[in-house]
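Listing of protein_34.cif, mmCIF, C-alpha atoms and all ligand atoms
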data_target
loop_
_atom_site.label_atom_id
_atom_site.label_comp_id
_atom_site.auth_asym_id
_atom_site.auth_seq_id
_atom_site.Cartn_x
_atom_site.Cartn_y
_atom_site.Cartn_z
CA MET Y 12 -17.91 17.58 10.51
CA ILE Y 13 -14.92 19.79 11.20
CA VAL Y 14 -11.96 19.62 8.86
CA THR Y 15 -9.85 22.12 10.74
CA GLU Y 16 -7.81 24.55 8.63
CA ASN Y 17 -4.54 23.26 10.02
CA VAL Y 18 -5.25 19.70 8.89
CA VAL Y 19 -6.28 20.27 5.27
CA GLU Y 20 -3.38 19.92 2.79
CA LYS Y 21 -1.26 18.19 5.42
CA ILE Y 22 -2.86 14.78 5.60
CA ILE Y 23 -0.58 11.82 4.97
CA ASP Y 24 -2.50 8.74 3.84
CA VAL Y 25 -0.34 5.68 4.56
CA HIS Y 26 -2.55 3.10 2.80
CA VAL Y 27 -3.01 3.96 -0.88
CA HIS Y 28 -2.84 1.67 -3.92
CA LEU Y 29 -1.64 3.45 -7.05
CA TYR Y 30 -0.95 0.68 -9.54
CA PRO Y 31 0.12 0.95 -13.19
CA ASP Y 32 -2.74 1.02 -15.70
CA GLU Y 33 -2.10 -2.53 -16.94
CA ILE Y 34 -2.84 -3.99 -13.46
CA VAL Y 35 -6.00 -1.95 -12.82
CA PRO Y 36 -8.42 -4.34 -14.65
CA ARG Y 37 -7.44 -7.06 -12.17
CA PHE Y 38 -8.73 -4.95 -9.30
CA TYR Y 39 -12.03 -4.19 -11.01
CA ALA Y 40 -12.42 -7.91 -11.69
CA TRP Y 41 -11.61 -8.77 -8.08
CA ILE Y 42 -14.15 -6.33 -6.61
CA GLU Y 43 -16.91 -6.55 -9.19
CA LYS Y 44 -16.72 -10.03 -10.74
CA LYS Y 45 -15.32 -12.07 -7.88
CA HIS Y 46 -17.05 -10.39 -4.95
CA LYS Y 47 -20.06 -8.89 -6.78
CA LEU Y 48 -19.49 -5.53 -5.12
CA LYS Y 49 -19.31 -2.10 -6.71
CA ALA Y 50 -16.04 -0.19 -6.94
CA LYS Y 51 -16.95 3.18 -5.42
CA MET Y 52 -14.34 5.25 -7.27
CA PRO Y 53 -12.10 4.96 -10.34
CA ILE Y 54 -9.08 2.74 -9.66
CA GLU Y 55 -6.89 4.42 -12.32
CA TRP Y 56 -3.96 6.10 -10.55
CA GLU Y 57 -4.32 9.62 -11.94
CA LYS Y 58 -8.01 9.77 -11.01
CA THR Y 59 -7.17 8.37 -7.60
CA LEU Y 60 -4.62 11.11 -7.05
CA GLU Y 61 -7.16 13.81 -7.95
CA ARG Y 62 -9.56 12.40 -5.37
CA LEU Y 63 -6.88 12.28 -2.69
CA ARG Y 64 -5.90 15.91 -3.35
CA MET Y 65 -9.56 16.92 -3.04
CA MET Y 66 -9.61 15.26 0.37
CA GLY Y 67 -6.66 17.34 1.59
CA VAL Y 68 -4.03 14.63 1.29
CA SER Y 69 -0.52 16.00 0.74
CA ASN Y 70 1.52 12.80 0.65
CA VAL Y 71 0.88 9.06 0.52
CA PHE Y 72 2.54 5.78 1.35
CA ASN Y 73 1.91 3.94 -1.90
CA LEU Y 74 1.58 0.19 -1.46
CA THR Y 75 2.12 -2.30 -4.27
CA HIS Y 76 2.24 -5.93 -3.16
CA ALA Y 77 3.22 -8.45 -5.82
CA ILE Y 78 0.00 -10.30 -6.63
CA VAL Y 79 2.15 -12.82 -8.52
CA PRO Y 80 5.97 -13.17 -8.38
CA GLU Y 81 6.35 -12.02 -12.01
CA TYR Y 82 5.11 -8.52 -11.12
CA THR Y 83 7.77 -7.70 -8.53
CA GLN Y 84 10.34 -5.97 -10.73
CA MET Y 85 7.79 -4.04 -12.79
CA LEU Y 86 5.99 -2.77 -9.67
CA ASN Y 87 9.19 -1.64 -7.99
CA GLU Y 88 10.24 0.29 -11.10
CA TRP Y 89 6.77 1.84 -11.09
CA GLN Y 90 7.28 2.89 -7.47
CA GLY Y 91 10.60 4.45 -8.51
CA PHE Y 92 8.73 6.49 -11.13
CA LEU Y 93 6.19 7.74 -8.56
CA LYS Y 94 8.91 8.53 -6.05
CA GLU Y 95 10.94 10.53 -8.52
CA ASN Y 96 8.00 12.45 -9.96
CA TYR Y 97 5.74 12.92 -6.93
CA GLY Y 98 7.93 12.34 -3.87
CA PHE Y 99 5.67 9.64 -2.46
CA ILE Y 100 6.77 7.17 0.18
CA THR Y 101 6.84 3.81 -1.56
CA PHE Y 102 6.29 0.38 -0.04
CA GLY Y 103 7.20 -1.95 -2.88
CA ALA Y 104 6.75 -5.49 -3.98
CA PHE Y 105 8.29 -8.83 -3.16
CA HIS Y 106 6.96 -12.36 -3.27
CA PRO Y 107 8.08 -15.45 -1.34
CA GLU Y 108 8.97 -17.04 -4.70
CA ASN Y 109 11.35 -14.19 -5.68
CA GLU Y 110 15.12 -14.16 -5.19
CA ASP Y 111 16.54 -11.85 -2.50
CA GLU Y 112 18.39 -9.81 -5.14
CA LEU Y 113 15.17 -8.35 -6.53
CA LEU Y 114 14.38 -6.69 -3.21
CA ILE Y 115 17.94 -5.63 -2.50
CA GLU Y 116 18.19 -3.98 -5.90
CA ALA Y 117 14.90 -2.11 -5.48
CA PHE Y 118 16.19 -0.58 -2.24
CA GLU Y 119 19.66 0.14 -3.63
CA ARG Y 120 18.25 1.95 -6.64
CA GLY Y 121 16.06 4.07 -4.39
CA TRP Y 122 12.80 2.87 -5.95
CA ILE Y 123 11.25 1.83 -2.64
CA ASP Y 124 11.39 2.92 1.00
CA GLY Y 125 9.87 -0.19 2.49
CA LEU Y 126 8.15 -3.45 1.65
CA LYS Y 127 4.44 -4.25 1.42
CA LEU Y 128 3.39 -7.84 2.03
CA HIS Y 129 -0.15 -9.14 1.64
CA PRO Y 130 -0.31 -12.68 3.09
CA PRO Y 131 -3.99 -13.36 2.17
CA VAL Y 132 -3.32 -12.40 -1.49
CA GLN Y 133 0.16 -13.91 -1.71
CA LYS Y 134 -1.04 -17.02 0.16
CA PHE Y 135 1.47 -17.46 2.95
CA LYS Y 136 1.01 -17.17 6.68
CA PRO Y 137 2.79 -14.32 8.50
CA ASN Y 138 4.49 -16.87 10.78
CA SER Y 139 5.45 -19.32 8.01
CA LYS Y 140 8.99 -20.21 6.95
CA GLU Y 141 8.56 -18.15 3.76
CA ALA Y 142 7.63 -15.11 5.81
CA LEU Y 143 10.50 -15.48 8.28
CA ARG Y 144 12.96 -15.60 5.41
CA ILE Y 145 11.72 -12.19 4.22
CA TYR Y 146 11.84 -10.76 7.76
CA GLU Y 147 15.49 -11.89 8.05
CA LEU Y 148 16.24 -9.98 4.88
CA LEU Y 149 14.50 -6.82 6.12
CA GLU Y 150 16.33 -7.07 9.44
CA GLU Y 151 19.63 -7.15 7.55
CA LEU Y 152 18.61 -4.25 5.32
CA LYS Y 153 17.03 -2.35 8.27
CA LYS Y 154 14.00 -1.48 6.15
CA PRO Y 155 10.35 -1.09 7.20
CA LEU Y 156 7.50 -3.47 6.45
CA LEU Y 157 3.80 -2.74 6.02
CA ILE Y 158 1.83 -5.97 6.21
CA HIS Y 159 -1.86 -6.75 5.90
CA SER Y 160 -3.46 -7.84 9.19
CA GLY Y 161 -6.96 -9.00 10.04
CA TRP Y 162 -10.02 -10.16 8.13
CA PHE Y 163 -9.85 -10.34 4.31
CA PRO Y 164 -12.73 -10.96 1.86
CA ASP Y 165 -11.14 -13.91 -0.01
CA ASN Y 166 -10.15 -16.07 2.94
CA SER Y 167 -11.25 -14.49 6.21
CA PHE Y 168 -8.57 -14.91 8.92
CA GLU Y 169 -6.83 -17.88 7.30
CA TYR Y 170 -3.63 -15.96 6.45
CA ALA Y 171 -3.98 -12.98 8.77
CA ASP Y 172 -5.20 -14.05 12.20
CA ALA Y 173 -4.40 -12.17 15.39
CA ASN Y 174 -1.76 -14.56 16.74
CA MET Y 175 0.13 -15.01 13.45
CA TYR Y 176 2.27 -11.89 13.94
CA ASP Y 177 4.04 -12.99 17.14
CA GLU Y 178 7.27 -14.03 15.41
CA LEU Y 179 7.38 -10.81 13.41
CA VAL Y 180 6.70 -8.54 16.37
CA PHE Y 181 8.74 -10.27 19.05
CA ASN Y 182 11.83 -11.40 17.10
CA TYR Y 183 12.76 -8.45 14.87
CA SER Y 184 13.61 -4.80 15.31
CA PHE Y 185 12.88 -3.21 11.90
CA PRO Y 186 9.80 -0.92 11.83
CA VAL Y 187 6.53 -2.76 11.24
CA ILE Y 188 3.17 -1.26 10.31
CA LEU Y 189 0.33 -3.72 10.91
CA ALA Y 190 -2.26 -2.56 8.37
CA HIS Y 191 -5.96 -2.18 9.24
CA MET Y 192 -5.54 -2.42 13.06
CA LEU Y 193 -6.09 -6.20 12.78
CA VAL Y 194 -9.55 -5.48 11.42
CA GLY Y 195 -12.20 -7.77 12.88
CA LYS Y 196 -10.04 -8.44 15.96
CA THR Y 197 -8.74 -4.96 16.74
CA ARG Y 198 -8.61 -5.50 20.51
CA GLU Y 199 -5.82 -8.03 19.98
CA ILE Y 200 -3.43 -5.53 18.43
CA GLU Y 201 -2.97 -4.01 21.88
CA ARG Y 202 -0.45 -6.59 23.04
CA TYR Y 203 1.75 -5.98 19.96
CA LEU Y 204 1.72 -2.20 20.39
CA ASP Y 205 2.34 -2.66 24.08
CA ALA Y 206 5.27 -4.98 23.53
CA ARG Y 207 7.38 -3.13 20.96
CA LYS Y 208 7.93 0.54 20.11
CA ASN Y 209 8.87 -0.21 16.50
CA VAL Y 210 5.34 -1.52 15.83
CA PHE Y 211 2.69 0.79 14.37
CA THR Y 212 -0.77 0.47 12.88
CA GLU Y 213 -3.13 2.42 10.62
CA THR Y 214 -6.84 3.11 10.28
CA SER Y 215 -7.72 1.75 6.81
CA ASN Y 216 -10.85 -0.47 6.92
CA ALA Y 217 -10.90 -0.20 10.74
CA LEU Y 218 -12.99 3.00 10.52
CA VAL Y 219 -15.42 1.65 7.94
CA GLU Y 220 -18.85 0.60 9.12
CA MET Y 221 -19.01 -2.95 7.86
CA GLU Y 222 -20.64 -5.96 9.43
CA ILE Y 223 -20.02 -9.43 8.07
CA ILE Y 224 -21.73 -12.58 9.24
CA GLU Y 225 -19.50 -15.60 8.83
CA ASN Y 226 -20.33 -19.07 10.15
CA GLY Y 227 -22.92 -17.49 12.40
CA GLU Y 228 -20.38 -15.06 13.87
CA LYS Y 229 -20.50 -11.31 13.50
CA ILE Y 230 -17.34 -9.61 12.26
CA LEU Y 231 -17.31 -5.86 12.85
CA TRP Y 232 -14.78 -3.60 11.15
CA TYR Y 233 -15.42 -0.30 12.94
CA CYS Y 234 -16.03 -0.82 16.66
CA GLU Y 235 -15.35 0.74 20.03
CA ASP Y 236 -11.92 -0.96 20.20
CA VAL Y 237 -10.70 1.25 17.33
CA LYS Y 238 -11.22 4.40 19.37
CA GLN Y 239 -9.65 2.83 22.43
CA ILE Y 240 -6.50 1.79 20.56
CA ILE Y 241 -6.16 5.30 19.09
CA GLU Y 242 -6.43 6.85 22.55
CA GLU Y 243 -4.14 4.31 24.16
CA PHE Y 244 -1.42 4.63 21.49
CA PRO Y 245 -1.85 8.14 20.03
CA ASP Y 246 1.71 8.16 18.64
CA ARG Y 247 1.56 4.79 16.92
CA VAL Y 248 -1.52 5.01 14.72
CA PHE Y 249 -1.47 6.50 11.21
CA TYR Y 250 -4.33 7.54 8.96
CA GLY Y 251 -4.77 5.11 6.05
CA SER Y 252 -7.71 4.81 3.64
CA GLU Y 253 -7.31 1.83 1.25
CA ILE Y 254 -8.18 4.21 -1.62
CA PRO Y 255 -8.97 3.41 -4.45
CA LEU Y 256 -9.84 -0.23 -3.63
CA VAL Y 257 -13.02 0.66 -1.78
CA TRP Y 258 -16.56 -0.65 -2.08
CA TRP Y 259 -17.67 1.96 0.46
CA GLU Y 260 -17.59 5.76 0.12
CA PRO Y 261 -13.89 6.70 -0.22
CA GLU Y 262 -14.24 9.53 2.33
CA GLU Y 263 -15.74 7.30 5.04
CA THR Y 264 -12.49 6.60 6.91
CA LEU Y 265 -11.55 10.27 7.02
CA LEU Y 266 -15.01 11.42 8.09
CA ASN Y 267 -15.26 8.81 10.82
CA LEU Y 268 -11.84 9.78 12.13
CA LEU Y 269 -12.78 13.47 12.19
CA LYS Y 270 -16.07 12.63 13.95
CA LEU Y 271 -14.37 10.48 16.58
CA ASP Y 272 -14.82 11.66 20.13
CA VAL Y 273 -11.11 12.07 20.90
CA ASP Y 274 -8.90 15.10 21.47
CA ASP Y 275 -8.22 17.15 18.29
CA ARG Y 276 -4.49 16.92 18.97
CA ILE Y 277 -4.71 13.14 18.77
CA LYS Y 278 -6.51 13.43 15.42
CA GLU Y 279 -3.72 15.64 14.11
CA ARG Y 280 -1.15 13.09 15.17
CA VAL Y 281 -3.04 10.34 13.38
CA LEU Y 282 -3.71 12.43 10.26
CA TYR Y 283 -0.10 13.50 9.67
CA ARG Y 284 2.20 14.10 12.63
CA ASN Y 285 2.88 10.42 13.35
CA ALA Y 286 3.62 9.70 9.70
CA GLU Y 287 5.93 12.74 9.51
CA ARG Y 288 7.85 11.43 12.51
CA PHE Y 289 8.01 7.93 11.02
CA ILE Y 290 9.48 9.35 7.80
CA GLU Y 291 11.95 11.49 9.72
CA ARG Y 292 13.02 8.65 11.95
CA TYR Y 293 13.16 5.66 9.62
CA LEU Y 294 13.28 6.91 6.02
CA ARG Y 295 15.68 9.85 5.99
ZN ZN Q 1 -4.78 -2.36 0.90
#
For the file at hand, write its structure as structure tokens.
Ligand SMILES: [Zn+2]
Amino acid sequence: MIVTENVVEKIIDVHVHLYPDEIVPRFYAWIEKKHKLKAKMPIEWEKTLERLRMMGVSNVFNLTHAIVPEYTQMLNEWQGFLKENYGFITFGAFHPENEDELLIEAFERGWIDGLKLHPPVQKFKPNSKEALRIYELLEELKKPLLIHSGWFPDNSFEYADANMYDELVFNYSFPVILAHMLVGKTREIERYLDARKNVFTETSNALVEMEIIENGEKILWYCEDVKQIIEEFPDRVFYGSEIPLVWWEPEETLLNLLKLDVDDRIKERVLYRNAERFIERYLR
């Protein structure tokens, strides 16, 4: 494995979940009690940060979706704290059951840079009426969205299937990051990246070797399509890890990216240059 000198300390991880301590037990319960898996690293935010620093990560996009509508305000204030004290890029919380004002205020007060939505957790489809209402708001505010896409442990593709992002991609012009490269159906992200220049994706889960058998069908996370998409769209893919919510080795995504048989300059773009440009272009 080669972590080249010029990459260490520069990495920008665009898929990190630093949550306040009072929420952390919910994540342990979700991984360990609900799914009977083992959390592979501490989920507490300060320990997570230490681990990220050890991996050469200099900045993160911190993502806090509102698991329930009551958490929105608290999570956005939390993001404001992280932004002020650590300079992170913050993708904050909103829930279809919240009033517009909560999101508007979070942007106005500078707590958040963008919005994180998690349809399979928040239980709405990305092409539903509830979703379109939030997209209208983001279009007005001209703010970016990072949204879960692809297979999810609780409900498979029910709220995150490949064709459910058509309305979002084709009807709006705010920047969109489709998380996880549509994991499980990565080939199908090509038409979205092809269609619109304001659409991006990131590597979390897509570079993890995971094979799930569901109704007799094999669902692969890391596959040949991942490499092809990175090579086809070298300016539109970011490095993301899903740390600390991992039941695989936390370093796996980074190591698999570094091992990938693609040009080193493409790896540099994925590891930090593309995220730097995104920040410069949309968040300054
Ligand atoms: Zn995540």
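For the choices Y:Ala117, Y:Leu63, Y:Leu128, Y:Ala286, the atom-to-atom distance to ligand ZN 1 (chain Q) is smallest for Y:Leu128 when using all atoms listed in the file.
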Show me a table, sorted first by chain and then by increasing residue number, of the residues of chain Y having an atom at most 12 Å from ligand ZN 1 (chain Q), each with its shortest atom pair and the distance in Å to one decimal, counting all atoms listed in the file and written as a tab-separated table.
residue	atom	partner	partner_atom	distance
Y:Asp24	CA	Q:ZN1	ZN	11.7
Y:Val25	CA	Q:ZN1	ZN	9.9
Y:His26	CA	Q:ZN1	ZN	6.2
Y:Val27	CA	Q:ZN1	ZN	6.8
Y:His28	CA	Q:ZN1	ZN	6.6
Y:Leu29	CA	Q:ZN1	ZN	10.3
Y:Tyr30	CA	Q:ZN1	ZN	11.5
Y:Phe38	CA	Q:ZN1	ZN	11.2
Y:Phe72	CA	Q:ZN1	ZN	11.0
Y:Asn73	CA	Q:ZN1	ZN	9.6
Y:Leu74	CA	Q:ZN1	ZN	7.2
Y:Thr75	CA	Q:ZN1	ZN	8.6
Y:His76	CA	Q:ZN1	ZN	8.9
Y:Ile78	CA	Q:ZN1	ZN	11.9
Y:Phe102	CA	Q:ZN1	ZN	11.4
Y:Lys127	CA	Q:ZN1	ZN	9.4
Y:Leu128	CA	Q:ZN1	ZN	9.9
Y:His129	CA	Q:ZN1	ZN	8.2
Y:Pro130	CA	Q:ZN1	ZN	11.5
Y:Pro131	CA	Q:ZN1	ZN	11.1
Y:Val132	CA	Q:ZN1	ZN	10.4
Y:Leu157	CA	Q:ZN1	ZN	10.0
Y:Ile158	CA	Q:ZN1	ZN	9.2
Y:His159	CA	Q:ZN1	ZN	7.3
Y:Ser160	CA	Q:ZN1	ZN	10.0
Y:Gly161	CA	Q:ZN1	ZN	11.5
Y:Trp162	CA	Q:ZN1	ZN	11.9
Y:Phe163	CA	Q:ZN1	ZN	10.1
Y:Pro164	CA	Q:ZN1	ZN	11.8
Y:Leu189	CA	Q:ZN1	ZN	11.3
Y:Ala190	CA	Q:ZN1	ZN	7.9
Y:His191	CA	Q:ZN1	ZN	8.4
Y:Val194	CA	Q:ZN1	ZN	12.0
Y:Glu213	CA	Q:ZN1	ZN	11.0
Y:Thr214	CA	Q:ZN1	ZN	11.1
Y:Ser215	CA	Q:ZN1	ZN	7.8
Y:Asn216	CA	Q:ZN1	ZN	8.8
Y:Ala217	CA	Q:ZN1	ZN	11.8
Y:Gly251	CA	Q:ZN1	ZN	9.1
Y:Ser252	CA	Q:ZN1	ZN	8.2
Y:Glu253	CA	Q:ZN1	ZN	4.9
Y:Ile254	CA	Q:ZN1	ZN	7.8
Y:Pro255	CA	Q:ZN1	ZN	8.9
Y:Leu256	CA	Q:ZN1	ZN	7.1
Y:Val257	CA	Q:ZN1	ZN	9.2
**Prompt:** Which value, in Å to one decimal, gives the distance between atom CA of Y:Ile115 and atom CA of Y:Pro80?
**Reply:** 15.3 Å
**Prompt:** With distances taken over all atoms listed in the file, which of Y:Asn109, Y:Ile230, Y:Ser184, Y:Met65 is nearest to Y:Phe168?
**Reply:**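 Using all atoms listed in the file, Y:Phe168 sits closest to Y:Ile230.
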**Close residues, Y:Ile277 itself excluded, 9 Å, all atoms listed in the file, min 4 positions apart in chain, as a list in words** =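 Using all atoms listed in the file, the neighbours found are Ile241, Glu242, Pro245, Asp246, Val273, Val281 and Leu282 of chain Y.
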